[in-house]
Every structure is written in C-alpha cells, then in structure tokens.
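Colleague: Below is work-v2.txt; it holds compact mmCIF, C-alpha atoms.
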```
# COMPACT_ATOMS: atom_id res chain seq x y z
CA MET H 18 118.37 99.38 69.44
CA SER H 19 116.85 101.50 66.73
CA ASP H 20 113.25 100.86 67.70
CA ASP H 21 113.79 102.89 70.85
CA GLU H 22 113.89 105.97 68.69
CA GLN H 23 110.21 105.55 68.02
CA LEU H 24 109.35 106.37 71.62
CA ASP H 25 109.94 109.91 72.78
CA PRO H 26 113.07 109.89 74.97
CA ARG H 27 111.19 112.01 77.48
CA ILE H 28 108.58 109.29 77.77
CA VAL H 29 111.28 106.66 78.26
CA ALA H 30 112.92 108.84 80.88
CA ALA H 31 109.61 109.34 82.65
CA LEU H 32 108.93 105.60 82.59
CA ARG H 33 112.24 104.98 84.32
CA ASP H 34 111.92 107.83 86.75
CA LEU H 35 110.60 106.03 89.79
CA PRO H 36 111.37 107.43 93.23
CA ALA H 37 113.43 105.00 95.25
CA ALA H 38 111.78 103.13 98.06
CA SER H 39 112.58 104.27 101.57
CA ASN H 40 115.06 102.17 103.50
CA GLU H 41 112.27 101.12 105.85
CA ILE H 42 110.02 99.87 103.07
CA ARG H 43 112.87 98.08 101.32
CA ASP H 44 114.06 96.45 104.52
CA ALA H 45 110.52 95.42 105.43
CA HIS H 46 109.91 93.90 102.01
CA ILE H 47 113.13 91.96 102.14
CA ALA H 48 112.71 90.86 105.74
CA GLU H 49 109.26 89.51 104.96
CA ALA H 50 110.55 87.71 101.89
CA LEU H 51 113.41 86.18 103.86
CA SER H 52 110.94 84.76 106.35
CA HIS H 53 109.72 82.55 103.52
CA ILE H 54 113.00 80.70 103.24
CA SER H 55 111.60 78.29 105.79
CA PRO H 56 108.68 76.24 104.43
CA SER H 57 107.08 76.14 107.85
CA VAL H 58 107.20 79.90 108.08
CA SER H 59 105.88 80.36 104.56
CA GLN H 60 102.76 78.33 105.30
CA ARG H 61 101.90 80.62 108.15
CA SER H 62 102.76 83.71 106.18
CA ALA H 63 100.49 82.77 103.30
CA GLN H 64 97.59 83.64 105.51
CA ARG H 65 98.92 87.09 106.32
CA SER H 66 97.50 90.24 104.88
CA PRO H 67 99.43 91.41 101.83
CA ARG H 68 99.67 94.80 103.48
CA ARG H 69 101.61 93.30 106.33
CA TRP H 70 104.72 94.98 104.97
CA LEU H 71 103.29 98.26 106.20
CA ALA H 72 103.30 97.05 109.77
CA VAL H 73 106.68 95.47 109.30
CA ALA H 74 107.99 98.69 107.82
CA ALA H 75 106.81 100.63 110.81
CA ALA H 76 108.45 98.17 113.15
CA LEU H 77 111.66 98.11 111.20
CA ALA H 78 111.75 101.87 111.10
CA VAL H 79 112.20 101.70 114.82
CA LEU H 80 114.32 98.58 115.06
CA VAL H 81 116.72 99.01 112.20
CA GLY H 82 116.38 102.65 111.26
CA GLY H 83 119.58 103.38 113.03
CA ASN H 84 121.17 100.49 111.29
CA ALA H 85 120.16 101.76 107.86
CA LEU H 86 121.52 105.16 108.74
CA TYR H 87 124.69 103.56 109.92
CA ALA H 88 125.00 101.59 106.71
CA SER H 89 124.40 104.64 104.56
CA LEU H 90 126.87 106.81 106.42
CA SER H 91 129.62 104.30 106.98
CA PRO H 92 132.54 104.34 104.57
CA SER H 93 132.01 101.17 102.64
CA THR H 94 134.68 98.94 101.19
CA ASP H 95 132.10 97.21 99.03
CA SER H 96 131.93 97.81 95.34
CA THR H 97 128.64 98.50 93.67
CA VAL H 98 127.58 95.22 92.17
CA SER H 99 125.30 96.52 89.48
CA PRO H 100 125.12 99.98 88.01
CA ARG H 101 121.36 99.56 87.71
CA ASN H 102 121.15 99.16 91.48
CA SER H 103 123.43 101.86 92.66
CA ALA H 104 121.72 101.97 96.04
CA VAL H 105 123.02 98.50 96.84
CA THR H 106 126.48 99.06 98.18
CA THR H 107 126.39 97.88 101.74
CA VAL H 108 126.47 94.56 103.45
CA PRO H 109 123.10 93.10 104.31
CA THR H 110 121.46 95.25 106.92
CA LYS H 111 120.94 92.41 109.34
CA GLY H 112 124.61 91.91 109.86
CA SER H 113 125.97 95.39 110.13
CA VAL H 114 124.67 96.56 113.50
CA CYS H 115 127.27 95.21 115.86
CA ASP H 116 130.29 94.82 113.64
CA ALA H 117 132.17 97.72 115.23
CA GLY H 118 133.08 95.60 118.21
CA LEU H 119 133.75 92.43 116.30
CA ALA H 120 136.96 93.01 114.39
CA GLY H 121 138.13 89.86 112.69
CA TYR H 122 134.65 88.35 112.66
CA THR H 123 132.27 87.93 109.76
CA ILE H 124 128.52 87.75 109.99
CA VAL H 125 126.81 84.39 109.73
CA GLY H 126 123.28 85.68 110.06
CA THR H 127 120.57 86.50 112.52
CA TYR H 128 117.77 84.78 114.33
CA SER H 129 115.00 85.89 116.65
CA SER H 130 114.69 84.71 120.20
CA ALA H 131 112.68 85.97 123.14
CA GLY H 132 111.46 88.90 121.11
CA SER H 133 114.95 90.05 120.21
CA VAL H 134 117.15 89.72 117.17
CA ARG H 135 120.44 87.94 117.72
CA GLU H 136 123.44 88.23 115.43
CA VAL H 137 125.85 85.36 115.03
CA TRP H 138 129.42 86.10 113.99
CA THR H 139 132.24 83.73 113.20
CA SER H 140 136.01 83.85 113.44
CA LYS H 141 138.58 81.16 112.92
CA GLN H 142 138.18 80.10 116.51
CA ASN H 143 134.58 80.48 117.50
CA LEU H 144 131.05 81.75 117.00
CA VAL H 145 129.83 84.76 118.93
CA VAL H 146 126.19 85.53 119.59
CA VAL H 147 125.28 89.16 120.25
CA ASP H 148 122.05 90.97 120.93
CA GLN H 149 121.36 93.23 117.96
CA THR H 150 119.83 95.98 120.07
CA SER H 151 122.53 96.32 122.70
CA CYS H 152 125.35 94.54 120.85
CA ALA H 153 126.09 92.78 124.12
CA GLN H 154 127.80 89.44 123.67
CA LEU H 155 125.46 86.72 124.90
CA GLY H 156 127.73 83.76 124.39
CA THR H 157 130.73 82.29 122.63
CA ILE H 158 130.84 78.86 121.05
CA THR H 159 134.13 77.25 120.14
CA HIS H 160 134.00 75.60 116.76
CA PRO H 161 133.51 71.85 117.13
CA ALA H 162 136.01 69.46 115.63
CA ILE H 163 134.81 68.69 112.13
CA VAL H 164 135.82 66.38 109.34
CA ALA H 165 136.88 68.42 106.34
CA SER H 166 134.42 68.11 103.52
CA ASN H 167 133.79 69.88 100.26
CA ASN H 168 130.12 69.20 100.51
CA GLY H 169 127.98 71.95 101.95
CA CYS H 170 124.37 71.35 102.78
CA ALA H 171 122.65 70.68 99.49
CA GLY H 172 119.29 71.62 100.94
CA PHE H 173 117.23 70.40 103.81
CA SER H 174 113.93 71.08 105.47
CA LEU H 175 113.82 73.14 108.59
CA GLY H 176 111.61 71.84 111.31
CA ALA H 177 108.66 73.89 112.43
CA GLY H 178 109.74 76.93 114.39
CA ASN H 179 113.36 76.66 113.34
CA GLN H 180 115.25 79.48 111.67
CA ALA H 181 118.05 79.27 109.13
CA VAL H 182 120.67 81.66 110.47
CA GLY H 183 123.17 81.37 107.63
CA THR H 184 126.20 79.52 106.36
CA TYR H 185 129.85 79.92 107.17
CA SER H 186 133.08 78.10 106.61
CA VAL H 187 135.55 76.58 109.01
CA ALA H 188 138.78 75.15 107.65
CA GLY H 189 137.31 75.14 104.17
CA THR H 190 134.19 73.27 105.19
CA GLU H 191 130.89 74.98 104.73
CA LEU H 192 128.51 74.71 107.65
CA THR H 193 124.94 75.83 108.15
CA LEU H 194 123.72 77.32 111.39
CA VAL H 195 120.12 76.73 112.47
CA ALA H 196 118.37 78.23 115.46
CA THR H 197 115.69 76.09 117.03
CA PRO H 198 113.49 77.44 119.83
CA THR H 199 115.97 76.06 122.33
CA GLU H 200 119.36 75.63 120.71
CA LEU H 201 121.80 76.53 117.97
CA GLN H 202 122.55 73.63 115.65
CA ILE H 203 125.50 73.35 113.33
CA HIS H 204 124.64 71.33 110.24
CA GLY H 205 127.10 70.03 107.70
CA GLY H 206 127.90 67.33 105.22
CA SER H 207 125.92 66.38 102.17
CA SER H 208 123.00 65.20 104.29
CA CYS H 209 123.11 68.27 106.48
CA GLU H 210 123.29 66.26 109.66
CA VAL H 211 123.60 68.02 113.01
CA ILE H 212 127.29 68.14 113.82
CA ALA H 213 126.89 69.92 117.12
CA SER H 214 124.23 71.76 119.09
CA TYR H 215 124.30 74.24 121.93
CA PRO H 216 121.68 75.85 124.14
CA LEU H 217 120.61 79.28 122.90
CA PRO H 218 122.84 81.83 124.63
CA VAL H 219 120.77 84.05 126.89
CA GLY H 220 123.40 86.22 128.51
CA PRO H 221 127.05 86.72 129.22
CA MET V 30 135.05 88.38 99.55
CA ASN V 31 132.37 90.52 101.04
CA ILE V 32 129.01 88.99 100.26
CA SER V 33 127.56 92.13 98.74
CA SER V 34 130.35 92.26 96.18
CA ALA V 35 130.10 88.60 95.31
CA PRO V 36 129.00 87.85 91.75
CA ASP V 37 125.42 86.84 91.17
CA ASP V 38 126.43 83.23 90.50
CA LEU V 39 127.98 82.78 93.90
CA LEU V 40 125.11 84.47 95.67
CA ILE V 41 122.62 82.36 93.74
CA GLN V 42 124.34 79.12 94.67
CA ARG V 43 124.38 80.07 98.33
CA ALA V 44 120.84 81.40 98.27
CA LYS V 45 119.58 78.21 96.66
CA ARG V 46 120.93 76.34 99.67
CA GLY V 47 118.91 78.50 102.02
CA ASP V 48 121.67 80.93 102.99
CA SER V 49 119.69 83.86 104.34
CA VAL V 50 122.61 86.28 104.06
CA ALA V 51 123.15 85.47 100.40
CA THR V 52 119.43 85.64 99.75
CA ASP V 53 119.27 89.01 101.46
CA ALA V 54 122.11 90.32 99.29
CA LEU V 55 120.52 88.91 96.14
CA LEU V 56 117.17 90.50 96.89
CA ARG V 57 118.82 93.85 97.51
CA LEU V 58 120.67 93.61 94.23
CA HIS V 59 117.47 93.14 92.28
CA TYR V 60 115.07 95.08 94.49
CA ASP V 61 114.95 98.26 92.43
CA SER V 62 114.37 96.34 89.22
CA VAL V 63 111.56 94.30 90.71
CA ARG V 64 109.93 97.36 92.21
CA ALA V 65 110.19 99.36 88.99
CA VAL V 66 108.45 96.67 86.98
CA CYS V 67 105.72 96.28 89.59
CA HIS V 68 105.07 100.01 89.83
CA ARG V 69 104.85 100.53 86.09
CA ILE V 70 102.55 97.57 85.51
CA VAL V 71 100.31 97.99 88.55
CA VAL V 72 100.37 101.83 88.63
CA ASN V 73 98.57 102.29 91.96
CA LYS V 74 101.34 102.84 94.48
CA ALA V 75 100.07 100.81 97.39
CA ASP V 76 99.09 97.92 95.17
CA ALA V 77 102.46 98.11 93.43
CA GLU V 78 104.20 97.83 96.79
CA ASP V 79 102.12 94.76 97.52
CA ALA V 80 103.11 93.32 94.15
CA THR V 81 106.74 94.02 94.98
CA GLN V 82 106.36 92.15 98.24
CA HIS V 83 104.68 89.20 96.53
CA ALA V 84 107.38 89.14 93.87
CA LEU V 85 110.17 89.02 96.44
CA ILE V 86 108.43 86.22 98.31
CA SER V 87 107.96 84.32 95.06
CA ILE V 88 111.64 84.75 94.25
CA VAL V 89 112.64 83.34 97.64
CA ARG V 90 110.27 80.42 97.30
CA ALA V 91 111.32 79.64 93.74
CA LEU V 92 115.06 80.10 94.23
CA PRO V 93 115.81 76.44 95.01
CA GLY V 94 114.30 75.57 91.63
CA PHE V 95 116.24 78.13 89.60
CA ASP V 96 118.08 76.02 87.04
CA GLY V 97 120.18 78.68 85.34
CA ARG V 98 118.73 78.10 81.89
CA ALA V 99 117.64 81.73 81.75
CA LYS V 100 119.67 84.66 82.98
CA PHE V 101 118.91 85.26 86.63
CA SER V 102 117.79 88.81 85.91
CA THR V 103 115.37 87.56 83.26
CA TRP V 104 114.05 84.99 85.70
CA VAL V 105 113.58 87.70 88.30
CA TYR V 106 111.76 89.91 85.81
CA ARG V 107 109.45 87.06 84.88
CA ILE V 108 108.50 86.59 88.52
CA ALA V 109 108.07 90.31 89.03
CA THR V 110 105.91 90.57 85.93
CA ASN V 111 103.72 87.69 87.02
CA ALA V 112 103.36 89.14 90.50
CA ALA V 113 102.39 92.50 89.03
CA LEU V 114 99.86 90.97 86.66
CA ASP V 115 98.39 88.91 89.49
CA GLU V 116 97.97 92.12 91.44
CA VAL V 117 96.28 93.81 88.49
CA ARG V 118 93.82 90.91 88.23
CA ARG V 119 93.21 91.04 91.95
CA ILE V 120 92.44 94.73 91.69
CA ARG V 121 89.95 94.05 88.92
CA ARG V 122 88.04 91.70 91.18
CA ARG V 123 87.47 94.43 93.73
CA PRO V 124 83.82 95.43 93.93
CA THR V 125 84.42 99.17 93.68
CA PRO V 126 87.54 101.24 93.33
CA THR V 127 87.93 103.30 96.45
CA ASP V 128 91.55 104.31 96.30
CA ILE V 129 91.85 107.82 94.97
CA ASP V 130 95.32 107.02 93.67
CA ALA V 131 93.76 104.53 91.27
CA THR V 132 91.87 107.20 89.42
CA PHE V 133 93.25 109.94 87.25
CA VAL V 134 92.45 112.40 84.55
CA LEU V 135 93.46 111.74 80.98
CA PRO V 136 96.13 114.27 80.01
CA VAL V 137 95.34 116.54 77.09
CA ALA V 138 97.77 117.53 74.37
CA ASP V 139 98.73 121.14 74.04
CA ALA V 140 98.16 123.16 70.87
CA THR V 141 101.36 121.99 69.20
CA GLY V 142 100.82 118.36 70.03
CA ALA V 143 104.09 118.18 71.91
CA VAL V 144 104.32 115.90 74.90
CA GLU V 145 103.58 117.93 77.94
CA ALA V 146 106.57 118.43 80.15
CA GLN V 147 104.65 117.44 83.24
CA MET V 148 102.76 114.53 81.73
CA ASP V 149 102.10 111.61 83.94
CA VAL V 150 103.40 108.76 81.89
CA ALA V 151 102.51 106.26 84.56
CA GLN V 152 98.87 107.22 84.35
CA ALA V 153 98.90 107.11 80.57
CA LEU V 154 100.53 103.71 80.74
CA ALA V 155 97.64 102.48 82.84
CA LEU V 156 95.27 103.11 79.95
CA LEU V 157 97.06 100.66 77.70
CA PRO V 158 95.93 97.07 77.34
CA GLU V 159 97.73 94.91 79.82
CA GLU V 160 99.85 93.07 77.24
CA TYR V 161 101.03 96.29 75.63
CA ARG V 162 101.79 97.89 78.96
CA THR V 163 103.75 94.88 80.17
CA THR V 164 105.74 94.66 76.95
CA LEU V 165 106.61 98.34 77.04
CA VAL V 166 107.70 98.09 80.66
CA LEU V 167 109.91 95.09 80.03
CA ARG V 168 111.50 96.81 77.04
CA HIS V 169 111.90 100.35 78.28
CA VAL V 170 112.06 99.99 82.06
CA ALA V 171 113.72 96.61 82.40
CA ASP V 172 115.89 97.05 79.29
CA LEU V 173 115.22 93.51 78.13
CA ASP V 174 115.72 92.53 74.51
CA TYR V 175 112.99 91.04 72.35
CA GLU V 176 114.05 87.45 72.99
CA GLU V 177 113.97 87.89 76.74
CA ILE V 178 110.57 89.55 76.63
CA ALA V 179 109.26 86.78 74.41
CA GLU V 180 110.55 84.23 76.89
CA ILE V 181 108.90 85.97 79.83
CA GLN V 182 105.58 86.45 78.07
CA GLY V 183 105.60 83.07 76.38
CA VAL V 184 104.98 84.54 72.95
CA PRO V 185 106.95 84.66 69.68
CA VAL V 186 109.38 87.50 69.11
CA GLY V 187 107.14 88.80 66.33
CA THR V 188 104.35 89.27 68.83
CA VAL V 189 106.68 91.25 71.05
CA ARG V 190 107.51 93.53 68.13
CA SER V 191 103.88 94.13 67.29
CA ARG V 192 102.94 94.72 70.91
CA LEU V 193 105.73 97.23 71.26
CA ALA V 194 104.73 99.05 68.10
CA ARG V 195 101.08 99.22 69.06
CA GLY V 196 101.82 100.02 72.66
CA ARG V 197 104.09 102.89 71.69
CA ALA V 198 101.58 104.24 69.24
CA GLN V 199 98.77 104.15 71.78
CA LEU V 200 100.95 105.63 74.51
CA ALA V 201 102.02 108.47 72.26
CA GLU V 202 98.42 108.98 71.24
CA ILE V 203 97.24 109.16 74.83
CA LEU V 204 99.96 111.61 75.66
CA GLY V 205 98.99 113.78 72.74
CA ASN V 206 102.02 113.22 70.58
CA GLN V 207 100.58 114.11 67.20
CA ASP V 208 103.51 112.64 65.34
CA THR V 209 101.99 109.25 65.84
CA SER V 210 98.47 109.94 66.99
CA THR V 211 95.30 109.91 64.98
CA GLY V 212 93.21 111.67 67.56
CA ARG V 213 91.97 110.96 71.04
CA HIS V 214 92.61 107.60 72.52
CA ASN V 215 89.93 105.15 71.52
CA PRO V 216 89.53 102.14 73.80
CA ASP V 217 87.96 100.22 70.94
CA GLU V 218 91.32 100.16 69.21
CA ARG V 219 93.01 98.38 72.05
CA ASN V 220 93.05 94.94 70.52
CA THR V 221 93.47 95.85 66.91
```
Let me see whether you can do it: turn the structure in this file into structure tokens.
Modeller:
Amino acid sequence: MSDDEQLDPRIVAALRDLPAASNEIRDAHIAEALSHISPSVSQRSAQRSPRRWLAVAAALAVLVGGNALYASLSPSTDSTVSPRNSAVTTVPTKGSVCDAGLAGYTIVGTYSSAGSVREVWTSKQNLVVVDQTSCAQLGTITHPAIVASNNGCAGFSLGAGNQAVGTYSVAGTELTLVATPTELQIHGGSSCEVIASYPLPVGP
Amino acid sequence: MNISSAPDDLLIQRAKRGDSVATDALLRLHYDSVRAVCHRIVVNKADAEDATQHALISIVRALPGFDGRAKFSTWVYRIATNAALDEVRRIRRRPTPTDIDATFVLPVADATGAVEAQMDVAQALALLPEEYRTTLVLRHVADLDYEEIAEIQGVPVGTVRSRLARGRAQLAEILGNQDTSTGRHNPDERNT
C-alpha cells in the first residue's frame, strides 16, 4: 500500500521488532487462558491478580520446561500454520510429554488430579491415562459401545470443579471427555449426555 | 491431521465447542500477534504482558460467540486492542507511576535530522495520542487494511486515514525526522 512509504521503513521495522516471549511466559499465558474455558473456573479466576501469570510462569518453568525443550528439539512433522507465527510449529505443549511411549495414540487432552497433570490418549481401542511427570500409565479404558452420530457436543456447561479434557473421535463419532473430581465422563450426542463414566485412574 | 496444522476454521469450530486442545493450538497460532499489539499499545513491558494475558482470556471467553462475520484474525486483533486499551486506562488510574520502565527520555534528533539508528520507537509511540498510536499499531504491526482497522475502532475509513497521517507525522516529529517535522513535539497539537 503506497501510504506505507510515508513512514520510514526503519521505524516500521522497529515497530515490528519485538523480542519473542519466552516459552515459559507463553505457556503460562496460554495455560491461564485455557483455565477460563470452564465458566466455573473463570468466575474464580476473575478474582485473581492480573500478575498471576508470573507465578504460573515460574511454576511452568519447572513443570513443563523440559517439555518445551523437547518440543523445540524434536523433529516435527507439523507444518508452520502461519508465516507470521513461525514459532508455532509443534503440537500443543500439554500433549507432547509422554507421546514417545504411546505410538498409535493421539492426545485427547489433560486434566489435573491430586496435584498432578494427567494426559489422556486415545487409540481405536481404548483411552489411556498417564501421569505427565512420570509418563506412567495409570489406567486404560476400553471405548464404550456407542451409537454412531454426526453430532458432536454443541456446547454444554461444565459443573463446578469439572475440567474439559478434550474431544476425540471413535468410529466417526465425536466425543467429549470431562474430568470430574472423582471420575472421567464421556459425553456425546447433540445434548452432550454422559455416555459412560469411570473412576479417575490412580495407578496401574 | 495433526491439530497444529489444521486450518483456522477447523480449530475455531472445535474451540467453540470447548475443545481445550484446539483452543490451545488456536491461542498459540495467534499469540505473537496478540502480544505484539499489546506491547506496542501499552508500552510498559509488565503491563503489556498483563494485557496479553487479559486478551487471551477474553478470546477464550468470547470464542463460543464468534460468528465468523469478521475474519478470525481481525476479531482477535479487536480483542487484543481492547485489552491493551483497558490496560492503558487502568495504568492512568494509578495514583503515581512507580515503574521505572514506564518513564523514558524523549529522543533528540541529530544534526542532520535523520532518524537515529538506536531510537526507541516504542517510547516515541507512547507519546502519541491513544487513537493515533492504536491506529498505527494496527496498520504497521498487525498489517491490517483500512477497512479492518475501521471495523475494530468503530470509525469510518476516512478517520482511519486521518489518524494514520497525523500519527505518522507526530511519530516522525518526535523521532526527529525533519522531512515531516516542524520542530519539537508539541502535546498541544495532539488533537488537531
């Protein structure tokens, strides 16, 4: 656009020259934002200090620093989605910690339980829950029999204290996994009803 | 398809349904853009990081209501801009500025009037009126066209043009570019 010529290119370059955020800060920002997916969580978080990301960053530096390093060093099969975000080339950090031992599985998401982060992975046959710190498998859940449906959850409210783990597909049917304080729930259908529920895995 | 290589549309649809993995990927895709806008509008680093955090939270909260009428990136920029401006207003309400990063020295032009190689554009930007600064950032940092900026700011395209022209002139003046300056920056000219 010709009007750009009216601003010194060095000024434009300087405007765009912003040092990238550290992995810890970026992960902390995103982790905090993701906690607001749940309305119940967002109400509590609204009372938090806006500088909470600093504390979260410090914690994440310890918890997922190794993960970020892993993600940055691992040969990635992902393509860069946007040239304006060249740093974004890896799978979401939360799901990449324990994938080395889970060939054939794809990440569903994570949830927190007993002070630890759990990863849930899915294959054609089952769900596997692993501890993100040790990558130890805590439990395996065989997929329940489901009625094929094209309707995924169109949106529903999580109960207080529940966590949306993620969505996944079985036999072409999209399902949503929710972690309550005591169990894992599989939701599906247009009304997002609970199709099956299982006690939270606590160990092998 | 790996989720990080999925097109925005697919990620958006999944994120709108509360898919945390898709939301995570979507936030990472747009993180640098959001942060750049916040830093250039807010200036102070710590406050800009807070604005970035607030913007990301606002995006997550507003995602279910994203209707696709605007481009997703434009929608994201609007939220980031609003979060940054909210932060600027919050800063103004502080009793006294105590953060040393919030203060700076006005750069001085050299004898030839050329822009100094080491000029701090971010600090000069902070001297501009808020509407000029925001318009410049959306144009030159976010690469938005006039129509998109007008949509975000809720003003006619003509206003965007005039804000850009005045903002550029003032920025160049502050930085000592004598091609467009008429002397030292005069705060009284801000709203002319």
Colleague: Using only C-alpha atoms, determine which residues of chain V fall within 6 Å of chain H; present them as a CSV table (one decimal) with C-alpha atoms, keeping the file's coordinate frame.
Modeller:
```csv
chain,number,residue,atom,x,y,z
V,33,SER,CA,127.6,92.1,98.7
V,34,SER,CA,130.4,92.3,96.2
V,46,ARG,CA,120.9,76.3,99.7
V,48,ASP,CA,121.7,80.9,103.0
V,49,SER,CA,119.7,83.9,104.3
V,54,ALA,CA,122.1,90.3,99.3
V,82,GLN,CA,106.4,92.2,98.2
V,85,LEU,CA,110.2,89.0,96.4
V,86,ILE,CA,108.4,86.2,98.3
V,170,VAL,CA,112.1,100.0,82.1
```
Colleague: Between atom CA of V:Ala84 and atom CA of V:Ala112, what distance in Å does the model show, to one decimal?
Modeller: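 So the answer is 5.2 Å.
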Colleague: Mind pulling up the distance from atom CA of V:Ala99 to atom CA of V:Leu193?
Modeller: 22.2 Å
Colleague: Taking 6 positions as the minimum chain separation for residues in the same chain, which residues sit within 10 Å of V:Val189 when counting only C-alpha atoms? Answer as a list in words.
Modeller: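 Here the qualifying residues turn out to be Glu160, Tyr161, Thr164, Leu165, Arg168, Asp174, Tyr175, Glu176, Glu177, Ile178, Ala179, Glu180, Gln182, Gly183 and Arg195 of chain V.
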Colleague: Provide the atom CA of H:Gln202 to atom CA of H:Leu217 distance in Å, to one decimal place.
Modeller: 9.4 Å
Colleague: To box stretch 156-172 of chain V, take all atoms listed in the file, fit an axis-aligned box, add 5 Å on each side, and give centre and edge lengths in Å to one decimal, as lines of an AutoDock Vina configuration file.
Modeller:
```
center_x = 105.6
center_y = 98.1
center_z = 79.0
size_x = 30.6
size_y = 20.0
size_z = 16.8
```
Colleague: Determine, counting only C-alpha atoms, which protein, DNA and RNA residues have an atom within 10 Å of an atom of V:Ala113; residues of the same chain fewer than 2 positions away are not included. Present the result as number ranges by chain.
Modeller: V: 63-64, 66-72, 76-81, 83-84, 107-111, 115-119, 163
Colleague: Could you check which of V:Thr188, V:Gln152, V:Gln199, V:Ser102 is closest to V:Tyr60, using all atoms listed in the file?
Modeller: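 Among the listed residues, the smallest separation from V:Tyr60 belongs to V:Ser102.
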Colleague: Can you tell me, as a list in words, what residues are no more than 9 Å from V:Thr52 when counting all atoms listed in the file, ignoring any on the same chain fewer than 3 positions away?
Modeller: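 The neighbour list is Leu51 and Ile54 of chain H; Leu40, Ile41, Arg43, Ala44, Lys45, Gly47, Asp48, Ser49, Leu55, Leu56, Arg57, Val89 and Leu92 of chain V.
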